[in-house]
$ cat data-v6.cif   # mmCIF, C-alpha atoms (C1' of nucleotides)
data_start
#
loop_
_atom_site.group_PDB
_atom_site.id
_atom_site.type_symbol
_atom_site.label_atom_id
_atom_site.label_comp_id
_atom_site.auth_asym_id
_atom_site.auth_seq_id
_atom_site.Cartn_x
_atom_site.Cartn_y
_atom_site.Cartn_z
ATOM 1 C CA MET A 19 181.082 69.102 48.859
ATOM 2 C CA GLN A 20 177.837 70.496 50.116
ATOM 3 C CA MET A 21 175.847 69.202 53.027
ATOM 4 C CA THR A 22 172.151 69.109 52.404
ATOM 5 C CA LYS A 23 171.529 67.170 55.545
ATOM 6 C CA ILE A 24 172.814 67.805 58.978
ATOM 7 C CA ASP A 25 174.895 65.026 60.335
ATOM 8 C CA HIS A 26 174.400 64.940 64.052
ATOM 9 C CA GLY A 27 175.748 61.498 64.436
ATOM 10 C CA SER A 28 179.288 61.117 63.344
ATOM 11 C CA ARG A 29 180.577 64.644 63.077
ATOM 12 C CA ASN A 30 181.537 67.590 65.180
ATOM 13 C CA CYS A 31 177.994 68.615 65.970
ATOM 14 C CA MET A 32 178.087 66.107 68.787
ATOM 15 C CA ARG A 33 181.394 67.453 69.993
ATOM 16 C CA VAL A 34 180.048 70.969 70.201
ATOM 17 C CA SER A 35 177.131 69.751 72.237
ATOM 18 C CA GLU A 36 179.523 67.813 74.415
ATOM 19 C CA LEU A 37 181.749 70.782 75.110
ATOM 20 C CA LEU A 38 178.708 72.911 75.802
ATOM 21 C CA GLY A 39 177.670 70.333 78.349
ATOM 22 C CA ARG A 40 181.082 70.529 79.942
ATOM 23 C CA ILE A 41 181.196 74.284 80.259
ATOM 24 C CA GLY A 42 177.517 74.253 81.117
ATOM 25 C CA ASP A 43 178.075 72.225 84.239
ATOM 26 C CA ARG A 44 177.691 73.827 87.582
ATOM 27 C CA TRP A 45 181.188 75.168 88.174
ATOM 28 C CA THR A 46 183.304 75.369 85.046
ATOM 29 C CA LEU A 47 182.099 78.783 83.997
ATOM 30 C CA PRO A 48 182.468 80.387 87.437
ATOM 31 C CA VAL A 49 186.009 79.022 87.661
ATOM 32 C CA VAL A 50 186.953 80.288 84.199
ATOM 33 C CA VAL A 51 185.481 83.699 84.904
ATOM 34 C CA THR A 52 187.301 83.878 88.224
ATOM 35 C CA LEU A 53 190.630 82.946 86.672
ATOM 36 C CA ASN A 54 190.004 85.498 83.958
ATOM 37 C CA GLY A 55 191.009 88.094 86.529
ATOM 38 C CA GLY A 56 194.461 86.567 86.810
ATOM 39 C CA PRO A 57 196.239 83.476 88.180
ATOM 40 C CA LEU A 58 195.113 82.287 91.583
ATOM 41 C CA ARG A 59 195.963 79.633 94.118
ATOM 42 C CA PHE A 60 193.606 76.798 94.942
ATOM 43 C CA ASN A 61 192.035 78.195 98.066
ATOM 44 C CA ALA A 62 191.905 81.663 96.598
ATOM 45 C CA ILE A 63 189.645 80.337 93.863
ATOM 46 C CA ARG A 64 187.682 78.462 96.485
ATOM 47 C CA ARG A 65 187.090 81.630 98.444
ATOM 48 C CA ALA A 66 186.182 83.584 95.335
ATOM 49 C CA ILE A 67 183.447 81.163 94.341
ATOM 50 C CA THR A 68 180.658 80.972 96.863
ATOM 51 C CA GLY A 69 179.336 77.513 97.516
ATOM 52 C CA ILE A 70 181.820 75.353 95.644
ATOM 53 C CA SER A 71 183.055 72.307 97.498
ATOM 54 C CA GLN A 72 186.696 71.405 97.637
ATOM 55 C CA GLN A 73 186.165 68.285 95.613
ATOM 56 C CA MET A 74 184.182 69.966 92.879
ATOM 57 C CA LEU A 75 186.853 72.634 92.544
ATOM 58 C CA THR A 76 189.468 69.927 92.208
ATOM 59 C CA ARG A 77 187.435 68.061 89.620
ATOM 60 C CA THR A 78 186.605 71.180 87.652
ATOM 61 C CA LEU A 79 190.224 72.296 87.613
ATOM 62 C CA ARG A 80 191.386 68.824 86.526
ATOM 63 C CA ALA A 81 188.913 68.784 83.683
ATOM 64 C CA LEU A 82 189.947 72.243 82.557
ATOM 65 C CA GLU A 83 193.579 71.276 82.829
ATOM 66 C CA ARG A 84 192.970 68.174 80.771
ATOM 67 C CA ASP A 85 191.340 70.246 78.059
ATOM 68 C CA GLY A 86 194.287 72.626 78.079
ATOM 69 C CA MET A 87 192.178 75.511 79.351
ATOM 70 C CA VAL A 88 194.118 76.116 82.552
ATOM 71 C CA SER A 89 197.726 75.553 83.532
ATOM 72 C CA ARG A 90 198.757 74.173 86.897
ATOM 73 C CA THR A 91 202.018 75.334 88.443
ATOM 74 C CA VAL A 92 203.376 73.808 91.643
ATOM 75 C CA HIS A 93 205.721 75.947 93.731
ATOM 76 C CA PRO A 94 207.787 73.536 95.837
ATOM 77 C CA SER A 95 207.522 75.379 99.116
ATOM 78 C CA VAL A 96 206.296 74.481 102.578
ATOM 79 C CA PRO A 97 203.399 74.432 102.660
ATOM 80 C CA PRO A 98 203.072 73.682 98.935
ATOM 81 C CA GLN A 99 201.544 76.303 96.704
ATOM 82 C CA VAL A 100 199.716 75.539 93.498
ATOM 83 C CA GLU A 101 198.822 78.271 91.086
ATOM 84 C CA TYR A 102 196.195 78.022 88.389
ATOM 85 C CA ALA A 103 196.009 80.270 85.350
ATOM 86 C CA LEU A 104 194.086 80.430 82.110
ATOM 87 C CA THR A 105 195.979 79.331 79.025
ATOM 88 C CA PRO A 106 195.477 81.199 75.739
ATOM 89 C CA LEU A 107 192.919 78.560 74.856
ATOM 90 C CA GLY A 108 191.157 79.117 78.154
ATOM 91 C CA LEU A 109 191.185 82.867 77.590
ATOM 92 C CA SER A 110 189.662 82.324 74.203
ATOM 93 C CA LEU A 111 186.931 80.261 75.818
ATOM 94 C CA ALA A 112 186.398 82.938 78.429
ATOM 95 C CA GLU A 113 185.734 85.443 75.652
ATOM 96 C CA GLU A 114 183.159 83.162 74.086
ATOM 97 C CA ALA A 115 181.579 82.661 77.480
ATOM 98 C CA ALA A 116 181.428 86.403 77.992
ATOM 99 C CA ARG A 117 179.669 86.731 74.644
ATOM 100 C CA LEU A 118 177.168 84.081 75.674
ATOM 101 C CA GLY A 119 176.732 85.936 78.914
ATOM 102 C CA ARG A 120 175.913 89.128 77.056
ATOM 103 C CA TRP A 121 173.358 87.284 74.940
ATOM 104 C CA MET A 122 171.779 85.967 78.105
ATOM 105 C CA GLN A 123 171.637 89.381 79.749
ATOM 106 C CA THR A 124 169.937 90.699 76.644
ATOM 107 C CA HIS A 125 167.295 88.000 76.451
ATOM 108 C CA LEU A 126 166.880 86.985 80.051
ATOM 109 C CA ALA A 127 163.790 89.062 80.699
ATOM 110 C CA GLU A 128 162.262 87.856 77.453
ATOM 111 C CA ILE A 129 162.873 84.229 78.373
ATOM 112 C CA ASP A 130 161.508 84.708 81.858
ATOM 113 C CA GLY A 131 158.404 86.270 80.355
ATOM 114 C CA HIS A 132 157.866 83.319 78.065
ATOM 115 C CA ARG A 133 158.386 80.905 80.931
ATOM 116 C CA ALA A 134 155.871 82.674 83.133
ATOM 117 C CA ALA A 135 153.323 82.845 80.322
ATOM 118 C CA PHE A 136 153.838 79.182 79.471
ATOM 119 C CA ASP A 137 153.541 78.037 83.068
ATOM 120 C CA ASN A 138 150.414 80.106 83.415
ATOM 121 C CA ARG A 139 148.944 78.567 80.290
ATOM 122 C CA THR A 140 149.662 74.990 81.341
ATOM 123 C CA ALA A 141 148.908 75.226 85.040
ATOM 124 C CA ASN A 142 145.179 75.419 84.439
ATOM 125 C CA MET B 15 179.208 101.297 90.724
ATOM 126 C CA GLN B 16 182.205 99.160 90.057
ATOM 127 C CA MET B 17 182.475 95.484 90.859
ATOM 128 C CA THR B 18 185.796 94.499 92.254
ATOM 129 C CA LYS B 19 184.551 91.087 93.131
ATOM 130 C CA ILE B 20 182.610 88.698 90.995
ATOM 131 C CA ASP B 21 179.232 87.876 92.367
ATOM 132 C CA HIS B 22 178.454 84.326 91.412
ATOM 133 C CA GLY B 23 175.805 83.933 93.982
ATOM 134 C CA SER B 24 172.875 86.206 93.626
ATOM 135 C CA ARG B 25 173.125 87.628 90.133
ATOM 136 C CA ASN B 26 172.789 86.673 86.519
ATOM 137 C CA CYS B 27 176.044 84.781 86.458
ATOM 138 C CA MET B 28 174.124 81.834 87.811
ATOM 139 C CA ARG B 29 171.411 82.275 85.248
ATOM 140 C CA VAL B 30 173.900 82.221 82.422
ATOM 141 C CA SER B 31 175.373 79.040 83.769
ATOM 142 C CA GLU B 32 171.892 77.623 84.110
ATOM 143 C CA LEU B 33 170.883 78.411 80.554
ATOM 144 C CA LEU B 34 174.183 77.055 79.337
ATOM 145 C CA GLY B 35 173.354 73.853 81.114
ATOM 146 C CA ARG B 36 169.992 73.756 79.393
ATOM 147 C CA ILE B 37 171.264 74.272 75.884
ATOM 148 C CA GLY B 38 174.252 72.122 76.730
ATOM 149 C CA ASP B 39 172.089 69.119 77.432
ATOM 150 C CA ARG B 40 172.178 66.230 75.071
ATOM 151 C CA TRP B 41 169.476 67.232 72.592
ATOM 152 C CA THR B 42 168.588 70.921 72.704
ATOM 153 C CA LEU B 43 171.305 72.021 70.328
ATOM 154 C CA PRO B 44 170.655 69.317 67.721
ATOM 155 C CA VAL B 45 166.959 70.209 67.760
ATOM 156 C CA VAL B 46 167.623 73.933 67.363
ATOM 157 C CA VAL B 47 170.090 73.332 64.557
ATOM 158 C CA THR B 48 167.635 71.012 62.818
ATOM 159 C CA LEU B 49 164.803 73.530 63.059
ATOM 160 C CA ASN B 50 167.138 76.187 61.763
ATOM 161 C CA GLY B 51 166.567 74.651 58.340
ATOM 162 C CA GLY B 52 162.868 75.441 58.560
ATOM 163 C CA PRO B 53 159.698 74.305 60.350
ATOM 164 C CA LEU B 54 159.265 70.573 60.773
ATOM 165 C CA ARG B 55 156.732 68.133 62.129
ATOM 166 C CA PHE B 56 157.436 66.026 65.188
ATOM 167 C CA ASN B 57 158.480 62.830 63.503
ATOM 168 C CA ALA B 58 160.393 64.708 60.846
ATOM 169 C CA ILE B 59 162.604 66.131 63.581
ATOM 170 C CA ARG B 60 162.803 62.695 65.128
ATOM 171 C CA ARG B 61 164.052 61.212 61.867
ATOM 172 C CA ALA B 62 166.512 64.062 61.332
ATOM 173 C CA ILE B 63 168.198 63.518 64.681
ATOM 174 C CA THR B 64 169.815 60.142 64.987
ATOM 175 C CA GLY B 65 169.409 58.444 68.307
ATOM 176 C CA ILE B 66 166.902 60.699 70.031
ATOM 177 C CA SER B 67 164.080 58.956 71.836
ATOM 178 C CA GLN B 68 160.489 60.069 71.463
ATOM 179 C CA GLN B 69 160.285 61.185 75.035
ATOM 180 C CA MET B 70 163.457 63.192 74.961
ATOM 181 C CA LEU B 71 162.316 64.954 71.806
ATOM 182 C CA THR B 72 159.029 65.790 73.512
ATOM 183 C CA ARG B 73 160.778 67.077 76.608
ATOM 184 C CA THR B 74 163.314 69.091 74.632
ATOM 185 C CA LEU B 75 160.619 70.679 72.495
ATOM 186 C CA ARG B 76 158.527 71.494 75.564
ATOM 187 C CA ALA B 77 161.455 73.149 77.252
ATOM 188 C CA LEU B 78 162.278 75.150 74.142
ATOM 189 C CA GLU B 79 158.639 76.122 73.772
ATOM 190 C CA ARG B 80 158.520 77.188 77.388
ATOM 191 C CA ASP B 81 161.549 79.396 76.878
ATOM 192 C CA GLY B 82 159.959 80.921 73.796
ATOM 193 C CA MET B 83 162.570 79.452 71.468
ATOM 194 C CA VAL B 84 160.205 77.388 69.336
ATOM 195 C CA SER B 85 156.560 77.742 68.416
ATOM 196 C CA ARG B 86 154.138 74.834 68.307
ATOM 197 C CA THR B 87 151.339 74.825 65.750
ATOM 198 C CA VAL B 88 148.657 72.135 65.746
ATOM 199 C CA HIS B 89 146.910 71.485 62.433
ATOM 200 C CA PRO B 90 143.535 69.932 63.311
ATOM 201 C CA SER B 91 143.579 67.156 60.750
ATOM 202 C CA VAL B 92 143.287 63.387 60.919
ATOM 203 C CA PRO B 93 145.767 62.221 61.889
ATOM 204 C CA PRO B 94 146.799 65.365 63.780
ATOM 205 C CA GLN B 95 149.831 67.264 62.570
ATOM 206 C CA VAL B 96 152.018 69.369 64.810
ATOM 207 C CA GLU B 97 154.559 71.702 63.335
ATOM 208 C CA TYR B 98 157.508 73.186 65.200
ATOM 209 C CA ALA B 99 159.411 76.271 64.160
ATOM 210 C CA LEU B 100 162.077 78.532 65.592
ATOM 211 C CA THR B 101 160.891 81.871 66.927
ATOM 212 C CA PRO B 102 163.035 84.988 66.430
ATOM 213 C CA LEU B 103 164.472 84.318 69.875
ATOM 214 C CA GLY B 104 165.254 80.763 68.859
ATOM 215 C CA LEU B 105 166.880 81.945 65.678
ATOM 216 C CA SER B 106 168.989 84.323 67.687
ATOM 217 C CA LEU B 107 170.074 81.414 69.846
ATOM 218 C CA ALA B 108 170.831 79.358 66.775
ATOM 219 C CA GLU B 109 173.211 82.065 65.605
ATOM 220 C CA GLU B 110 175.005 82.038 68.917
ATOM 221 C CA ALA B 111 175.178 78.277 68.750
ATOM 222 C CA ALA B 112 176.629 78.468 65.268
ATOM 223 C CA ARG B 113 179.297 80.834 66.575
ATOM 224 C CA LEU B 114 180.103 78.398 69.345
ATOM 225 C CA GLY B 115 180.262 75.682 66.760
ATOM 226 C CA ARG B 116 182.800 77.613 64.760
ATOM 227 C CA TRP B 117 184.912 78.146 67.876
ATOM 228 C CA MET B 118 184.792 74.414 68.514
ATOM 229 C CA GLN B 119 185.793 73.539 64.952
ATOM 230 C CA THR B 120 188.739 75.867 65.336
ATOM 231 C CA HIS B 121 189.968 74.485 68.626
ATOM 232 C CA LEU B 122 188.803 70.900 68.549
ATOM 233 C CA ALA B 123 192.090 69.430 67.421
ATOM 234 C CA GLU B 124 193.928 71.501 70.011
ATOM 235 C CA ILE B 125 191.650 70.293 72.787
ATOM 236 C CA ASP B 126 191.933 66.681 71.682
ATOM 237 C CA GLY B 127 195.689 67.056 71.670
ATOM 238 C CA HIS B 128 195.698 68.363 75.222
ATOM 239 C CA ARG B 129 193.384 65.585 76.356
ATOM 240 C CA ALA B 130 195.551 62.882 74.818
ATOM 241 C CA ALA B 131 198.696 64.395 76.299
ATOM 242 C CA PHE B 132 197.084 64.740 79.719
ATOM 243 C CA ASP B 133 195.767 61.190 79.736
ATOM 244 C CA ASN B 134 199.140 59.958 78.676
ATOM 245 C CA ARG B 135 200.819 61.886 81.464
ATOM 246 C CA THR B 136 198.469 60.629 84.157
ATOM 247 C CA ALA B 137 197.989 57.034 83.025
ATOM 248 C CA ASN B 138 201.476 56.079 84.130
ATOM 249 C "C1'" DC C 2 150.723 60.871 64.614
ATOM 250 C "C1'" DG C 3 151.979 62.976 68.631
ATOM 251 C "C1'" DG C 4 152.493 62.567 73.477
ATOM 252 C "C1'" DC C 5 152.152 61.294 78.413
ATOM 253 C "C1'" DA C 6 153.246 57.909 82.394
ATOM 254 C "C1'" DT C 7 156.271 54.578 84.400
ATOM 255 C "C1'" DC C 8 160.382 52.172 85.573
ATOM 256 C "C1'" DC C 9 165.297 51.942 85.607
ATOM 257 C "C1'" DT C 10 170.222 53.095 85.241
ATOM 258 C "C1'" DA C 11 174.469 56.033 85.004
ATOM 259 C "C1'" DG C 12 176.545 59.946 86.163
ATOM 260 C "C1'" DC C 13 176.858 64.531 88.532
ATOM 261 C "C1'" DC C 14 177.502 66.606 92.632
ATOM 262 C "C1'" DG C 15 177.512 67.451 97.788
ATOM 263 C "C1'" DA C 16 179.181 66.068 102.423
ATOM 264 C "C1'" DT C 17 182.517 64.126 105.051
ATOM 265 C "C1'" DA C 18 186.795 62.111 106.454
ATOM 266 C "C1'" DC C 19 191.579 61.274 105.637
ATOM 267 C "C1'" DT C 20 196.692 62.254 103.641
ATOM 268 C "C1'" DG C 21 201.409 64.352 102.291
ATOM 269 C "C1'" DC D 7 197.635 73.940 101.640
ATOM 270 C "C1'" DA D 8 196.105 70.998 98.253
ATOM 271 C "C1'" DG D 9 194.500 67.354 97.412
ATOM 272 C "C1'" DT D 10 192.253 61.865 97.417
ATOM 273 C "C1'" DA D 11 188.609 58.411 98.998
ATOM 274 C "C1'" DT D 12 184.060 57.053 100.031
ATOM 275 C "C1'" DC D 13 179.185 57.293 100.495
ATOM 276 C "C1'" DG D 14 174.723 58.737 99.079
ATOM 277 C "C1'" DG D 15 171.008 61.704 96.835
ATOM 278 C "C1'" DC D 16 169.254 63.646 92.805
ATOM 279 C "C1'" DT D 17 168.246 63.868 88.076
ATOM 280 C "C1'" DA D 18 169.064 63.365 82.956
ATOM 281 C "C1'" DG D 19 167.883 60.290 79.866
ATOM 282 C "C1'" DG D 20 166.775 55.388 77.738
ATOM 283 C "C1'" DA D 21 163.078 51.667 77.212
ATOM 284 C "C1'" DT D 22 158.583 50.446 77.184
ATOM 285 C "C1'" DG D 23 153.652 50.716 77.136
ATOM 286 C "C1'" DC D 24 149.192 53.217 76.792
ATOM 287 C "C1'" DC D 25 146.052 57.115 74.871
ATOM 288 C "C1'" DG D 26 143.403 60.511 71.660
#
$ encode --input "data-v6.cif" --output "structure tokens"
Amino acid sequence: MQMTKIDHGSRNCMRVSELLGRIGDRWTLPVVVTLNGGPLRFNAIRRAITGISQQMLTRTLRALERDGMVSRTVHPSVPPQVEYALTPLGLSLAEEAARLGRWMQTHLAEIDGHRAAFDNRTAN
Amino acid sequence: MQMTKIDHGSRNCMRVSELLGRIGDRWTLPVVVTLNGGPLRFNAIRRAITGISQQMLTRTLRALERDGMVSRTVHPSVPPQVEYALTPLGLSLAEEAARLGRWMQTHLAEIDGHRAAFDNRTAN
DNA sequence: CGGCATCCTAGCCGATACTG
DNA sequence: CAGTATCGGCTAGGATGCCG
């Protein structure tokens, strides 16, 4: 059952790329990292993440909730309180993200160097 | 020098997110994975990746070249041949991608389950 | 063969205003 | 406090055509 050719079309390769696109969007990673410090309420997350709009936070949290990465708990008080927390799955993702982060830190200077050199080469 | 608060604004957190967005785009990962099997010419890559347009392959390869992930070698023949190969940096990225892929394989069913359940819940 | 230029569309995301 | 609704800009990416 060996694969000599890579099947990008009908198998999970696409799914990986898709998920990477999801967590690679502007806000998902910041939200996950923030929640990695512990459960937080909506506006607490909002305050923790500089520059995020209310709507984008809502959307990002919905998407993460849909994927089972975060749990949403409503405390029926007045005014209502909603608490968000990472699920085990979300925590697992956070670890992978941290690993990616470490890789980035390691190679960031190298990449920047290549970019500068390339831009220099092409901007004749 | 401890960080009690996460700085999403001015530090590398943003850069990580940015790079994740780059490799999370539609074609970067497929290209890297394809080249992981060895150097290939332009149209060979094109054939290996179902559905990619010529322009998107060009753009993806340029971006990867700019970041120092792939090397571009022109063989001055008629017709001209251009060979692309992963650099050590690109190979390193491919390994990280493979790790991400494994994580996905592991959790894909779980995520799909959550999605289905969520959609069911909300599509009342 | 490899690659750039152009046009066009769909979707992401921000800003703003409104609701329970 | 925690959302939803609406508008509009920006850009990723597809289709097509031309060039060395």
$ atom_distance --input "data-v6.cif" --atom1 "atom CA of Leu103 of chain B" --atom2 "atom CA of Met83 of chain B"
5.5 Å
$ atom_distance --input "data-v6.cif" --atom1 "atom CA of Leu58 of chain A" --atom2 "atom CA of His128 of chain B"
21.5 Å
$ atom_distance --input "data-v6.cif" --atom1 "atom CA of Val96 of chain B" --atom2 "atom C1' of DA18 of chain D"
25.6 Å
$ residues_around --input "data-v6.cif" --residues "DT20 of chain C" --least-positions-apart "6" --cutoff "12 Å" --atoms "only C-alpha atoms (C1' of nucleotides)" --output "JSON, numbers by chain"
{"D": [7, 8, 9, 10, 11]}
$ interface_residues --input "data-v6.cif" --of "chain B" --to "chain A" --cutoff "7 Å" --atoms "only C-alpha atoms" --output "ChimeraX atom specification"
/B:22-23,30-31,34-35,38-40,43-44,63-64,80-82,115,118,125,128-129,132
$ resolve_selection --input "data-v6.cif" --expression "the PyMOL selection byres ((chain D and resi 21) around 12)" --output "list in words"
Ser67, Gln68, Gln69 and Met70 of chain B; DT7, DC8, DC9 and DT10 of chain C; DG19, DG20, DT22 and DG23 of chain D
$ residues_around --input "data-v6.cif" --residues "DT12 of chain D" --least-positions-apart "2" --cutoff "12 Å" --atoms "all atoms listed in the file" --output "PDB file with C-alpha atoms (C1' of nucleotides), in the coordinates of the input"
ATOM      1  C1'  DA C  16     179.181  66.068 102.423  1.00  0.00           C
ATOM      2  C1'  DT C  17     182.517  64.126 105.051  1.00  0.00           C
ATOM      3  C1'  DA C  18     186.795  62.111 106.454  1.00  0.00           C
ATOM      4  C1'  DC C  19     191.579  61.274 105.637  1.00  0.00           C
TER       5       DC C  19
ATOM      6  C1'  DT D  10     192.253  61.865  97.417  1.00  0.00           C
ATOM      7  C1'  DG D  14     174.723  58.737  99.079  1.00  0.00           C
TER       8       DG D  14
END
$ closest_residue --input "data-v6.cif" --among "B:Arg55, B:Arg73, B:Arg135, B:Arg60" --to "chain D" --atoms "only C-alpha atoms (C1' of nucleotides)"
B:Arg73
$ interface_residues --input "data-v6.cif" --of "chain A" --to "chain D" --cutoff "7 Å" --atoms "all atoms listed in the file" --output "PDB file with C-alpha atoms, in the coordinates of the input"
ATOM      1  CA  PRO A  97     203.399  74.432 102.660  1.00  0.00           C
ATOM      2  CA  PRO A  98     203.072  73.682  98.935  1.00  0.00           C
ATOM      3  CA  GLN A  99     201.544  76.303  96.704  1.00  0.00           C
TER       4      GLN A  99
END
$ resolve_selection --input "data-v6.cif" --expression "the PyMOL selection byres ((chain C) within 12 of (chain B))" --output "list in words"
DC2, DG3, DG4, DC5 and DA6 of chain C
$ resolve_selection --input "data-v6.cif" --expression "the PyMOL selection byres ((chain A and resi 56) around 12)" --output "count of residues only"
21
